[in-house]
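Q: I am attaching a structure below and will ask some questions about it afterwards.
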Amino acid sequence: MKEINKLLETIDYEFRDRDLLTTALTHSSYASEHRLGYECNNERLEFIGDAYVDAVVGARLFEIMGKAHEGVLSRNRADVVCEESLAEAARNMGLGDYILLGKGENSSGGRDKDSILADAFEALMGAIILDGGFDAGKKVILEMLGGKIDLAVKGKLDKDFKTRLQEKLQEADHRARIKYIIVDEEGPDHNKTFTVELRVNDRVIGSGRGRSKAKAEQAAAEDALTKDR
């Protein structure tokens, strides 16, 4: 693992309690492999960070988009705090280099998995807030996600293809039956790729692949929207 001070320089925050930082960077696979207690992995801090990241981003969007409808604010927040977006922010920080992973997870490319990076990002933000208070966490969150917020406000970060497609289809026919069907799974349990078909009233209108079911569904919705242009 790289020298941790480089990460602290990147986020411009110094921990008073370094144990919190260590916990934020400890994946469950490492904790399990080393027989550490559940409280030693980052899942509890992720729970805290998830709530605070949502709150900080939501408040910032509310402040910037003074006249925006609640639905627009919710969609923009979802785009900023989605797994893909948080994983990208984590990569920009070089966070993957500092995560403690079990041998199996490490050998299977865990340091670059969106899910692990996004969870570690949230856990780190949760640790900062517990260590230094809400204002300290808010400062780092806005620094790390400010660019994403700006793109969302400009309408350039909309990744929720499922919602866009559903609104489009139900505007044309409110009775439309939309289903996402998994038609194939490839790879071992820890590294699967899913293929999904998008069916509307039992007619296939799109398909997509992804490293999770949610990503495959988004890819299928994007495929359908692209075909409809």
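Following the order of the structure tokens, chains are lettered A, B, ..., residues in each are numbered from 1, and ligands are numbered from 1.
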Give me, as a PyMOL selection string, all polymer residues having an atom no more than 10 Å from segment 20-37 of chain A, counting only C-alpha atoms and skipping those fewer than 6 positions away in the same chain.
A: chain A and resi 4+8+14+43-46+49+95-106+110+116-117+119-128+130-131
Q: Could you give me the residues within segment 28-217 of chain A that DSSP places in helix (DSSP H, G or I), as number ranges by chain?
A: A: 28-33, 38-40, 43-64, 70-81, 83-93, 95-98, 103-107, 110-112, 114-132, 134-153, 161-172, 189-191, 213-217
Q: Give me the residues near Gly147 of chain A as a ChimeraX atom specification, where near means some atom within 12 Å (using only C-alpha atoms) and where sequence neighbours in that chain fewer than 3 positions away do not count.
A: /A:57,80,85-86,88-89,92,141-144,150-154,156-157
Q: Take the residues just selected and output them with C-alpha atoms as a PDB file, in the first residue's frame.
A:
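Full text of selection08.pdb as output:
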ATOM      1  CA  VAL A  57     -24.652  17.045  -2.635  1.00  0.00           C
ATOM      2  CA  VAL A  80     -23.662  12.735  -8.864  1.00  0.00           C
ATOM      3  CA  SER A  85     -19.521   8.692 -10.377  1.00  0.00           C
ATOM      4  CA  LEU A  86     -18.159   7.981  -6.893  1.00  0.00           C
ATOM      5  CA  GLU A  88     -14.444   7.908 -10.780  1.00  0.00           C
ATOM      6  CA  ALA A  89     -13.874  10.385  -7.948  1.00  0.00           C
ATOM      7  CA  ASN A  92      -9.007  10.624  -9.318  1.00  0.00           C
ATOM      8  CA  ILE A 141     -16.967  16.111  -0.401  1.00  0.00           C
ATOM      9  CA  LEU A 142     -17.497  19.321  -2.358  1.00  0.00           C
ATOM     10  CA  GLU A 143     -13.839  19.404  -3.367  1.00  0.00           C
ATOM     11  CA  MET A 144     -13.960  15.828  -4.668  1.00  0.00           C
ATOM     12  CA  ASP A 150     -21.285  21.379 -12.037  1.00  0.00           C
ATOM     13  CA  LEU A 151     -21.747  18.879 -14.880  1.00  0.00           C
ATOM     14  CA  ALA A 152     -25.062  17.718 -13.428  1.00  0.00           C
ATOM     15  CA  VAL A 153     -26.352  21.298 -13.194  1.00  0.00           C
ATOM     16  CA  LYS A 154     -25.423  21.791 -16.865  1.00  0.00           C
ATOM     17  CA  LYS A 156     -24.100  16.809 -18.834  1.00  0.00           C
ATOM     18  CA  LEU A 157     -24.043  14.057 -16.223  1.00  0.00           C
TER      19      LEU A 157
END
Q: Please identify all polymer residues within 12 Å of Ala55 of chain A, counting only C-alpha atoms, omitting same-chain residues fewer than 4 positions from it, and present them as a ChimeraX atom specification.
A: /A:48-51,59-62,74,77-78,80-81,134,137-138,141-142
Q: Selected residues, N, CA and C atoms, written as an mmCIF file, in the first residue's frame, please.
A:
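To be explicit, this is the file written out as part_24.cif:
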data_model
loop_
_atom_site.group_PDB
_atom_site.id
_atom_site.type_symbol
_atom_site.label_atom_id
_atom_site.label_comp_id
_atom_site.auth_asym_id
_atom_site.auth_seq_id
_atom_site.Cartn_x
_atom_site.Cartn_y
_atom_site.Cartn_z
ATOM 1 N N ILE A 48 -22.471 5.569 7.104
ATOM 2 C CA ILE A 48 -22.466 6.975 7.524
ATOM 3 C C ILE A 48 -22.156 7.886 6.336
ATOM 4 N N GLY A 49 -21.109 7.541 5.589
ATOM 5 C CA GLY A 49 -20.690 8.375 4.467
ATOM 6 C C GLY A 49 -21.755 8.500 3.399
ATOM 7 N N ASP A 50 -22.448 7.421 3.124
ATOM 8 C CA ASP A 50 -23.508 7.430 2.117
ATOM 9 C C ASP A 50 -24.544 8.501 2.446
ATOM 10 N N ALA A 51 -24.975 8.546 3.693
ATOM 11 C CA ALA A 51 -25.988 9.518 4.112
ATOM 12 C C ALA A 51 -25.471 10.947 4.003
ATOM 13 N N ALA A 59 -27.869 19.390 -0.759
ATOM 14 C CA ALA A 59 -27.919 20.781 -0.298
ATOM 15 C C ALA A 59 -27.256 21.718 -1.303
ATOM 16 N N ARG A 60 -26.147 21.274 -1.874
ATOM 17 C CA ARG A 60 -25.446 22.102 -2.855
ATOM 18 C C ARG A 60 -26.289 22.297 -4.107
ATOM 19 N N LEU A 61 -26.925 21.243 -4.578
ATOM 20 C CA LEU A 61 -27.799 21.364 -5.751
ATOM 21 C C LEU A 61 -28.989 22.274 -5.452
ATOM 22 N N PHE A 62 -29.554 22.154 -4.269
ATOM 23 C CA PHE A 62 -30.671 23.005 -3.864
ATOM 24 C C PHE A 62 -30.254 24.472 -3.885
ATOM 25 N N SER A 74 -33.637 15.593 -7.484
ATOM 26 C CA SER A 74 -33.405 14.197 -7.108
ATOM 27 C C SER A 74 -32.617 13.458 -8.181
ATOM 28 N N ARG A 77 -28.989 14.674 -8.179
ATOM 29 C CA ARG A 77 -28.263 14.114 -7.040
ATOM 30 C C ARG A 77 -27.923 12.647 -7.297
ATOM 31 N N ALA A 78 -28.883 11.901 -7.831
ATOM 32 C CA ALA A 78 -28.637 10.487 -8.125
ATOM 33 C C ALA A 78 -27.488 10.312 -9.111
ATOM 34 N N VAL A 80 -24.934 12.365 -9.498
ATOM 35 C CA VAL A 80 -23.662 12.735 -8.864
ATOM 36 C C VAL A 80 -23.182 11.650 -7.910
ATOM 37 N N VAL A 81 -24.107 11.023 -7.177
ATOM 38 C CA VAL A 81 -23.708 10.075 -6.130
ATOM 39 C C VAL A 81 -23.856 8.623 -6.564
ATOM 40 N N PHE A 134 -18.986 17.752 10.631
ATOM 41 C CA PHE A 134 -19.698 17.874 9.363
ATOM 42 C C PHE A 134 -19.030 18.852 8.408
ATOM 43 N N GLY A 137 -16.070 17.340 6.663
ATOM 44 C CA GLY A 137 -16.502 16.390 5.638
ATOM 45 C C GLY A 137 -17.110 17.080 4.433
ATOM 46 N N LYS A 138 -17.902 18.109 4.688
ATOM 47 C CA LYS A 138 -18.528 18.860 3.599
ATOM 48 C C LYS A 138 -17.476 19.461 2.679
ATOM 49 N N ILE A 141 -15.970 16.639 0.543
ATOM 50 C CA ILE A 141 -16.967 16.111 -0.401
ATOM 51 C C ILE A 141 -17.150 17.060 -1.574
ATOM 52 N N LEU A 142 -17.296 18.350 -1.278
ATOM 53 C CA LEU A 142 -17.497 19.321 -2.358
ATOM 54 C C LEU A 142 -16.240 19.481 -3.215
#
Q: With a distance cut-off of 12 Å and only C-alpha atoms, select the neighbouring residues of Gly206 of chain A, excluding the residue or stretch itself and same-chain residues fewer than 4 positions from it, and output the selection as a ChimeraX atom specification.
A: /A:161-162,165,178-181,195-200,202,216-228
